[in-house]
>>> print(open('entry.txt').read())   # compact mmCIF, C-alpha atoms
# COMPACT_ATOMS: atom_id res chain seq x y z
CA ASP Z 244 -7.15 -7.60 -2.68
CA ARG Z 245 -9.16 -10.72 -1.85
CA VAL Z 246 -10.78 -10.77 1.57
CA GLN Z 247 -14.32 -11.92 0.73
CA ALA Z 248 -13.72 -15.67 0.41
CA PRO Z 249 -10.12 -16.07 -0.77
CA SER Z 250 -9.35 -19.31 -2.56
CA GLY Z 251 -6.19 -21.07 -3.63
CA LEU Z 252 -4.60 -22.66 -0.56
CA GLY Z 253 -5.91 -26.10 -1.46
CA PHE Z 254 -4.75 -25.74 -5.07
CA ALA Z 255 -1.30 -24.67 -3.89
CA MET Z 256 -0.99 -27.65 -1.57
CA GLU Z 257 -2.12 -30.11 -4.26
CA ASN Z 258 0.23 -28.56 -6.83
CA ARG Z 259 3.09 -29.02 -4.37
CA ARG Z 260 2.16 -32.68 -3.95
CA VAL Z 261 1.97 -33.26 -7.72
CA ILE Z 262 5.34 -31.60 -8.33
CA SER Z 263 6.95 -33.72 -5.62
CA GLN Z 264 5.81 -36.85 -7.47
CA VAL Z 265 6.38 -35.77 -11.07
CA LEU Z 266 9.73 -34.00 -10.50
CA PRO Z 267 11.04 -35.51 -7.27
CA GLU Z 268 14.71 -34.64 -7.92
CA LEU Z 269 13.97 -31.00 -8.66
CA TYR Z 270 11.56 -30.81 -5.74
CA HIS Z 271 14.21 -31.91 -3.24
CA GLU Z 272 17.04 -29.87 -4.79
CA VAL Z 273 15.37 -26.44 -4.60
CA ASP Z 274 14.74 -26.66 -0.84
CA LEU Z 275 11.19 -25.24 -0.93
CA HIS Z 276 9.65 -23.74 2.17
CA ARG Z 277 7.23 -26.17 3.76
CA MET Z 278 3.55 -25.20 3.73
CA GLU Z 279 2.50 -27.26 6.73
CA PRO Z 280 3.50 -24.56 9.27
CA TYR Z 281 1.14 -22.12 7.58
CA PHE Z 282 -1.76 -24.59 7.73
CA SER Z 283 -0.96 -25.29 11.39
CA ALA Z 284 -1.01 -21.56 12.13
CA LEU Z 285 -4.26 -21.17 10.19
CA ARG Z 286 -5.89 -23.96 12.17
CA ALA Z 287 -4.71 -22.49 15.46
CA ALA Z 288 -5.88 -19.00 14.46
CA LEU Z 289 -9.35 -20.27 13.56
CA ILE Z 290 -9.68 -22.20 16.80
CA GLY Z 291 -8.45 -19.15 18.70
CA THR Z 292 -11.22 -16.94 17.29
CA ALA Z 293 -13.72 -18.81 19.48
CA GLY Z 294 -12.12 -17.26 22.57
CA GLU Z 295 -10.16 -18.62 25.50
CA SER Z 296 -13.35 -19.62 27.33
CA ASN Z 297 -14.01 -22.27 24.68
CA PRO Z 298 -11.05 -24.69 24.69
CA ALA Z 299 -12.61 -27.13 22.19
CA PRO Z 300 -14.65 -25.14 19.66
CA ARG Z 301 -16.40 -26.75 16.73
CA VAL Z 302 -15.17 -25.23 13.45
CA VAL Z 303 -16.67 -25.86 10.00
CA VAL Z 304 -15.89 -24.73 6.45
CA LEU Z 305 -19.02 -23.33 4.77
CA SER Z 306 -19.00 -24.17 1.06
CA PRO Z 307 -21.35 -23.12 -1.78
CA GLY Z 308 -21.39 -26.77 -2.80
CA PRO Z 309 -19.93 -29.10 -5.44
CA HIS Z 310 -20.90 -26.83 -8.33
CA SER Z 311 -18.57 -24.07 -7.14
CA GLU Z 312 -15.55 -23.50 -9.40
CA THR Z 313 -13.32 -23.79 -6.32
CA ALA Z 314 -15.08 -26.81 -4.78
CA PHE Z 315 -11.87 -28.86 -4.87
CA ASP Z 316 -9.98 -26.09 -3.08
CA GLN Z 317 -12.63 -25.89 -0.36
CA ALA Z 318 -12.68 -29.64 0.17
CA TYR Z 319 -8.90 -29.87 0.29
CA LEU Z 320 -8.68 -27.00 2.77
CA ALA Z 321 -11.28 -28.53 5.07
CA ASN Z 322 -9.53 -31.90 4.95
CA ALA Z 323 -6.10 -30.38 5.58
CA LEU Z 324 -7.37 -28.42 8.57
CA GLY Z 325 -9.41 -31.32 9.93
CA PHE Z 326 -12.72 -29.40 9.88
CA PRO Z 327 -16.05 -30.61 8.48
CA LEU Z 328 -17.02 -29.28 5.05
CA VAL Z 329 -20.66 -28.17 5.17
CA GLN Z 330 -23.22 -26.39 3.02
CA GLY Z 331 -25.91 -24.00 4.14
CA SER Z 332 -28.47 -26.81 4.09
CA ASP Z 333 -26.44 -28.66 6.74
CA LEU Z 334 -26.83 -25.87 9.31
CA VAL Z 335 -29.73 -24.29 11.16
CA VAL Z 336 -30.08 -21.30 13.48
CA ARG Z 337 -32.09 -22.10 16.59
CA ASP Z 338 -32.46 -20.01 19.75
CA GLY Z 339 -29.89 -17.59 18.33
CA TRP Z 340 -27.17 -20.25 17.92
CA VAL Z 341 -25.92 -22.07 14.83
CA TRP Z 342 -26.26 -25.84 14.91
CA MET Z 343 -25.47 -28.80 12.71
CA LYS Z 344 -28.74 -30.34 11.54
CA PRO Z 345 -29.26 -33.76 13.12
CA ALA Z 346 -30.41 -36.80 11.17
CA GLY Z 347 -34.12 -36.68 10.50
CA TRP Z 348 -34.41 -32.91 10.78
CA PRO Z 349 -36.92 -31.19 10.93
CA ARG Z 350 -38.85 -33.79 12.93
CA LYS Z 351 -39.65 -32.52 16.42
CA SER Z 352 -37.78 -35.42 17.95
CA ALA Z 353 -34.61 -34.46 16.06
CA ILE Z 354 -33.00 -31.93 18.40
CA PRO Z 355 -29.74 -30.24 17.29
CA ARG Z 356 -26.89 -31.12 19.65
CA GLU Z 357 -23.75 -30.06 17.72
CA ARG Z 358 -23.35 -26.30 18.15
CA ILE Z 359 -21.06 -24.48 15.70
CA ASP Z 360 -18.63 -21.96 17.17
CA VAL Z 361 -16.58 -20.84 14.14
CA ILE Z 362 -17.49 -20.80 10.45
CA VAL Z 363 -14.82 -20.44 7.76
CA ARG Z 364 -16.82 -18.65 5.09
CA ARG Z 365 -16.30 -19.66 1.47
CA VAL Z 366 -19.70 -18.29 0.45
CA ASP Z 367 -19.92 -14.67 -0.71
CA ALA Z 368 -21.46 -12.45 1.96
CA GLU Z 369 -24.65 -11.56 0.09
CA PHE Z 370 -25.57 -15.24 -0.18
CA CYS Z 371 -24.97 -16.10 3.49
CA ASP Z 372 -28.40 -15.29 4.90
CA PRO Z 373 -31.62 -15.34 2.82
CA LEU Z 374 -33.52 -13.61 5.63
CA GLU Z 375 -31.44 -10.42 5.75
CA LEU Z 376 -29.30 -10.44 2.63
CA ARG Z 377 -30.11 -12.02 -0.72
CA ALA Z 378 -33.58 -13.53 -0.46
CA ASP Z 379 -33.15 -15.92 -3.39
CA SER Z 380 -30.00 -17.50 -1.96
CA GLN Z 381 -30.00 -21.24 -1.37
CA LEU Z 382 -26.38 -21.27 -0.22
CA GLY Z 383 -26.65 -19.61 3.17
CA VAL Z 384 -28.25 -20.15 6.54
CA ALA Z 385 -31.43 -18.31 7.52
CA GLY Z 386 -30.70 -16.21 10.63
CA LEU Z 387 -26.91 -16.39 10.34
CA ALA Z 388 -26.47 -12.60 10.28
CA GLU Z 389 -28.38 -12.25 13.56
CA ALA Z 390 -26.30 -15.00 15.19
CA VAL Z 391 -23.14 -13.17 14.13
CA ARG Z 392 -24.47 -9.87 15.52
CA ARG Z 393 -25.17 -11.51 18.87
CA GLY Z 394 -21.66 -12.94 18.99
CA ARG Z 395 -23.04 -16.48 19.05
CA VAL Z 396 -20.81 -17.62 16.18
CA ARG Z 397 -17.58 -16.30 14.65
CA LEU Z 398 -17.55 -15.90 10.88
CA VAL Z 399 -14.20 -15.83 9.06
CA ASN Z 400 -13.94 -13.62 7.10
CA GLY Z 401 -16.70 -11.51 8.59
CA LEU Z 402 -19.76 -10.25 6.72
CA GLY Z 403 -18.85 -6.95 5.09
CA ALA Z 404 -15.14 -7.72 4.76
CA GLY Z 405 -15.58 -7.56 0.99
CA ILE Z 406 -15.74 -3.76 1.17
CA LEU Z 407 -11.94 -3.84 1.29
CA GLU Z 408 -11.92 -5.24 -2.25
CA ASN Z 409 -13.39 -1.97 -3.55
CA PRO Z 410 -10.83 -0.59 -6.04
CA ALA Z 411 -11.71 2.98 -5.05
CA LEU Z 412 -9.78 2.37 -1.80
CA MET Z 413 -6.54 1.46 -3.57
CA PRO Z 414 -5.28 5.02 -4.24
CA PHE Z 415 -5.44 5.69 -0.51
CA LEU Z 416 -3.67 2.55 0.74
CA PRO Z 417 -0.20 4.17 1.05
CA ALA Z 418 -1.58 6.99 3.20
CA VAL Z 419 -3.69 4.58 5.26
CA CYS Z 420 -0.66 2.39 5.91
CA GLU Z 421 1.44 5.32 7.07
CA GLN Z 422 -1.37 6.65 9.25
CA LEU Z 423 -2.20 3.34 10.93
CA LEU Z 424 1.18 1.59 11.01
CA GLY Z 425 3.65 4.46 10.72
CA GLU Z 426 5.39 2.86 7.75
CA GLN Z 427 5.15 2.63 3.98
CA LEU Z 428 3.66 -0.27 2.06
CA ARG Z 429 6.21 -3.04 1.63
CA LEU Z 430 4.80 -3.89 -1.78
CA PRO Z 431 3.49 -1.02 -3.95
CA SER Z 432 -0.13 -1.26 -4.97
CA VAL Z 433 -1.31 -1.17 -8.59
CA PRO Z 434 -1.32 2.49 -9.75
CA THR Z 435 -4.95 3.53 -9.33
CA TRP Z 436 -6.78 6.85 -9.66
CA TRP Z 437 -10.14 7.58 -8.04
CA LEU Z 438 -12.14 9.61 -10.53
CA GLY Z 439 -13.98 11.49 -7.80
CA ASN Z 440 -10.80 13.55 -7.60
CA ALA Z 441 -10.80 16.26 -10.31
CA ASP Z 442 -7.08 16.00 -11.10
CA ASP Z 443 -7.12 12.23 -11.31
CA ARG Z 444 -10.27 12.35 -13.45
CA ALA Z 445 -8.65 14.74 -15.92
CA THR Z 446 -5.56 12.53 -16.17
CA VAL Z 447 -7.53 9.34 -16.76
CA LEU Z 448 -9.97 10.86 -19.26
CA THR Z 449 -7.10 12.32 -21.26
CA ARG Z 450 -5.43 8.91 -21.48
CA LEU Z 451 -8.76 7.26 -22.24
CA ALA Z 452 -9.44 9.66 -25.13
CA ALA Z 453 -5.95 8.96 -26.50
CA GLY Z 454 -6.68 5.22 -26.54
CA ASP Z 455 -3.96 4.34 -24.02
CA PRO Z 456 -3.73 0.52 -24.09
CA ASN Z 457 -2.16 0.44 -20.62
CA LEU Z 458 -5.19 1.98 -18.90
CA ILE Z 459 -8.42 0.39 -17.75
CA VAL Z 460 -11.44 2.18 -16.28
CA ARG Z 461 -13.42 0.16 -13.74
CA PRO Z 462 -16.61 0.83 -11.79
CA SER Z 463 -16.07 0.65 -8.03
CA ASP Z 464 -19.44 -0.95 -7.28
CA GLN Z 465 -20.02 -3.30 -10.22
CA PRO Z 466 -18.06 -5.92 -12.20
CA HIS Z 467 -15.96 -4.55 -15.04
CA ARG Z 468 -17.98 -6.59 -17.55
CA SER Z 469 -20.90 -4.21 -16.96
CA ILE Z 470 -19.06 -1.51 -18.96
CA ALA Z 471 -16.74 -3.66 -21.08
CA GLU Z 472 -18.75 -3.19 -24.28
CA LEU Z 473 -19.11 0.60 -24.01
CA SER Z 474 -17.41 2.83 -26.57
CA THR Z 475 -14.93 5.45 -25.40
CA ALA Z 476 -17.55 8.19 -25.77
CA GLU Z 477 -20.18 6.18 -23.86
CA LEU Z 478 -17.72 5.34 -21.09
CA THR Z 479 -16.63 8.98 -20.80
CA ALA Z 480 -20.25 10.07 -20.49
CA ARG Z 481 -20.88 7.43 -17.85
CA VAL Z 482 -17.84 8.61 -15.88
CA LEU Z 483 -18.79 12.31 -16.08
CA ALA Z 484 -22.31 11.50 -14.85
CA ALA Z 485 -21.02 9.85 -11.67
CA PRO Z 486 -17.22 10.14 -11.44
CA HIS Z 487 -17.07 8.96 -7.81
CA ARG Z 488 -18.18 5.50 -8.96
CA PHE Z 489 -15.15 4.88 -11.19
CA VAL Z 490 -11.42 4.34 -10.96
CA GLY Z 491 -8.66 4.22 -13.52
CA GLN Z 492 -5.97 1.57 -13.21
CA GLU Z 493 -2.66 0.88 -14.88
CA ILE Z 494 -2.57 -2.48 -16.66
CA MET Z 495 0.52 -4.14 -15.28
CA PRO Z 496 2.59 -6.47 -17.47
CA LEU Z 497 2.47 -10.00 -16.11
CA SER Z 498 5.52 -12.14 -15.52
CA GLN Z 499 6.08 -15.04 -17.90
CA ALA Z 500 6.68 -18.70 -17.14
CA PRO Z 501 7.82 -21.45 -19.54
CA VAL Z 502 5.21 -24.02 -20.53
CA TRP Z 503 5.36 -27.07 -22.76
CA GLY Z 504 2.58 -27.69 -25.26
CA ARG Z 505 1.22 -31.02 -26.44
CA SER Z 506 3.68 -31.02 -29.33
CA GLY Z 507 6.58 -30.78 -26.90
CA THR Z 508 7.53 -27.24 -27.87
CA ALA Z 509 8.26 -24.61 -25.21
CA GLY Z 510 6.29 -21.39 -24.95
CA ALA Z 511 5.52 -18.61 -22.49
CA ARG Z 512 2.36 -17.96 -20.51
CA PRO Z 513 1.44 -15.16 -18.08
CA LEU Z 514 2.07 -15.95 -14.43
CA GLU Z 515 0.40 -14.52 -11.33
CA LEU Z 516 1.64 -14.95 -7.78
CA ARG Z 517 -1.03 -15.10 -5.08
CA THR Z 518 0.07 -14.77 -1.47
CA PHE Z 519 -1.93 -15.40 1.69
CA THR Z 520 -1.77 -13.68 5.05
CA LEU Z 521 -3.56 -14.55 8.26
CA ARG Z 522 -3.80 -12.80 11.60
CA TYR Z 523 -2.04 -15.15 14.01
CA ARG Z 524 -1.92 -14.10 17.65
CA SER Z 525 -0.66 -10.51 17.70
CA ALA Z 526 0.82 -10.39 14.20
CA HIS Z 527 0.08 -11.19 10.57
CA ARG Z 528 1.72 -14.28 9.11
CA PRO Z 529 2.30 -14.68 5.33
>>> encode(input="entry.txt", output="C-alpha cells")
Amino acid sequence: DRVQAPSGLGFAMENRRVISQVLPELYHEVDLHRMEPYFSALRAALIGTAGESNPAPRVVVLSPGPHSETAFDQAYLANALGFPLVQGSDLVVRDGWVWMKPAGWPRKSAIPRERIDVIVRRVDAEFCDPLELRADSQLGVAGLAEAVRRGRVRLVNGLGAGILENPALMPFLPAVCEQLLGEQLRLPSVPTWWLGNADDRATVLTRLAAGDPNLIVRPSDQPHRSIAELSTAELTARVLAAPHRFVGQEIMPLSQAPVWGRSGTAGARPLELRTFTLRYRSAHRP
C-alpha cells in the first residue's frame, strides 16, 4: 500500500524506547520481538543493492528537509542505520555520477570526491529531479533520473514505484498473487471495485445512490480530497464520464485501543497497524 517513500520505522523504534522507560515492568513481561534484527537486515539489504563488485558502498538517506512532517522519522532512521541524512541541495550530478557536494562548492577548485552509490529515497518521485520531473522542485537533484537510468546510482525505492499505490490495482491483487506466486494472499486486501468494469460500476453506483455509509468512491489518479465536496449526483456524473478513473472501496471498521485523557478517564481511539517488508537476499522479510 505504501511503496513511494514509506515512513514509520523511526517512530516505531522511538515509541519502543519510550515504552521501555515509562512502563519498564510491562515492557519486560510481554517479551516483545526485538526490532534490531530488522534494522540490521535493512542495512545489509541497502548495502547489497550496490552490487558485489562494490564492497564498501556509500549510502545516504535523501530527505525533503526539516519541514517534512516525518522529518524526525527520517533522521532517526538514518541514525539507526548509520547513513548520512542529506537533502537535495547536498548532492550534485557530475559526469553522470551522484556526488556529495564538497565544502566551497561550486568553486572550480572544489572537486567532488565522495561518490554516492545508494540513495534511500524519502522524497516523493515527482520531486526528485527538477530537470526531468517537477520543474519547480527544490527537494531533488538535477540529473538524478539520468544517473539512475545509467545505473550509476541505486535509488530505493525506485522512481515509478508509486504506481503500485494506485487503488485501481487492488481488485486484481488476489489474481496477480496466484499468477505470480501460485498462492493466495495471506492477508485479504480491502474490498475494492474498479469502476471500469460494468458489473462493479453498477454495484457501486447502486450503493452510492442509496447513501451507503460503508462505501467510499476514490479517483485512481488524484487525491480523494479532489472529489470530497461533490454531491452524490455530481460524483455519479463524474464517474459515468470516465469510469476507468474511479474505484469503490469498503470502509473498514478500525480496531480500538484504550487511551487515557488528561482528566484520567479511559476512552477508546481507532488503531491502525502498519507493517514493513523488505527484500532481503532471496526473500521478503517482515
>>> residues_around(input="entry.txt", residues="Glu515 of chain Z", least_positions_apart="6", cutoff="10 Å", atoms="all atoms listed in the file", output="PyMOL selection string")
chain Z and resi 497-500
>>> closest_residue(input="entry.txt", among="Z:Thr292, Z:Ser250, Z:Ser352, Z:Asn400", to="Leu320 of chain Z", atoms="only C-alpha atoms")
Z:Ser250
>>> residues_around(input="entry.txt", residues="segment 360-364 of chain Z", least_positions_apart="3", cutoff="7 Å", atoms="only C-alpha atoms", output="short mmCIF file (atom, residue, chain, number, x, y, z; two decimals) with C-alpha atoms, in the coordinates of the input")
data_model
loop_
_atom_site.label_atom_id
_atom_site.label_comp_id
_atom_site.auth_asym_id
_atom_site.auth_seq_id
_atom_site.Cartn_x
_atom_site.Cartn_y
_atom_site.Cartn_z
CA ALA Z 248 -13.72 -15.67 0.41
CA ALA Z 293 -13.72 -18.81 19.48
CA PRO Z 300 -14.65 -25.14 19.66
CA ARG Z 301 -16.40 -26.75 16.73
CA VAL Z 302 -15.17 -25.23 13.45
CA VAL Z 303 -16.67 -25.86 10.00
CA VAL Z 304 -15.89 -24.73 6.45
CA LEU Z 305 -19.02 -23.33 4.77
CA VAL Z 396 -20.81 -17.62 16.18
CA ARG Z 397 -17.58 -16.30 14.65
CA LEU Z 398 -17.55 -15.90 10.88
CA VAL Z 399 -14.20 -15.83 9.06
CA ASN Z 400 -13.94 -13.62 7.10
#
>>> atom_distance(input="entry.txt", atom1="atom CA of Ser311 of chain Z", atom2="atom CA of Arg468 of chain Z")
20.4 Å
>>> closest_residue(input="entry.txt", among="Z:Leu382, Z:Ile494, Z:Ala388, Z:Leu402", to="Val433 of chain Z", atoms="only C-alpha atoms")
Z:Ile494
>>> closest_residue(input="entry.txt", among="Z:Val419, Z:Val391, Z:Ile262, Z:Ala323", to="Arg286 of chain Z", atoms="all atoms listed in the file")
Z:Ala323
>>> atom_distance(input="entry.txt", atom1="atom CA of Met278 of chain Z", atom2="atom CA of Leu328 of chain Z")
21.0 Å
>>> atom_distance(input="entry.txt", atom1="atom CA of Ala284 of chain Z", atom2="atom CA of Ala321 of chain Z")
14.3 Å
>>> closest_residue(input="entry.txt", among="Z:Val335, Z:Val265, Z:Ala453, Z:Ala353", to="Asp372 of chain Z", atoms="all atoms listed in the file")
Z:Val335
>>> closest_residue(input="entry.txt", among="Z:Leu473, Z:Ala485, Z:Ile359, Z:Val261", to="Arg444 of chain Z", atoms="all atoms listed in the file")
Z:Ala485
>>> axis_aligned_box(input="entry.txt", around="segment 259-264 of chain Z", padding_each_side="5 Å", output="lines of an AutoDock Vina configuration file")
center_x = 4.5
center_y = -32.9
center_z = -6.1
size_x = 15.0
size_y = 17.8
size_z = 14.4
>>> residues_around(input="entry.txt", residues="Leu412 of chain Z", least_positions_apart="5", cutoff="12 Å", atoms="only C-alpha atoms", output="count of residues only")
23
>>> closest_residue(input="entry.txt", among="Z:Val273, Z:Met256, Z:Ala288, Z:Leu428", to="Ser525 of chain Z", atoms="only C-alpha atoms")
Z:Ala288
>>> residues_around(input="entry.txt", residues="Val384 of chain Z", least_positions_apart="2", cutoff="10 Å", atoms="only C-alpha atoms", output="ChimeraX atom specification")
/Z:305,330-336,341,370-374,380-382,386-388
>>> residues_around(input="entry.txt", residues="Tyr281 of chain Z", least_positions_apart="6", cutoff="9 Å", atoms="only C-alpha atoms", output="PyMOL selection string")
chain Z and resi 521+528-529
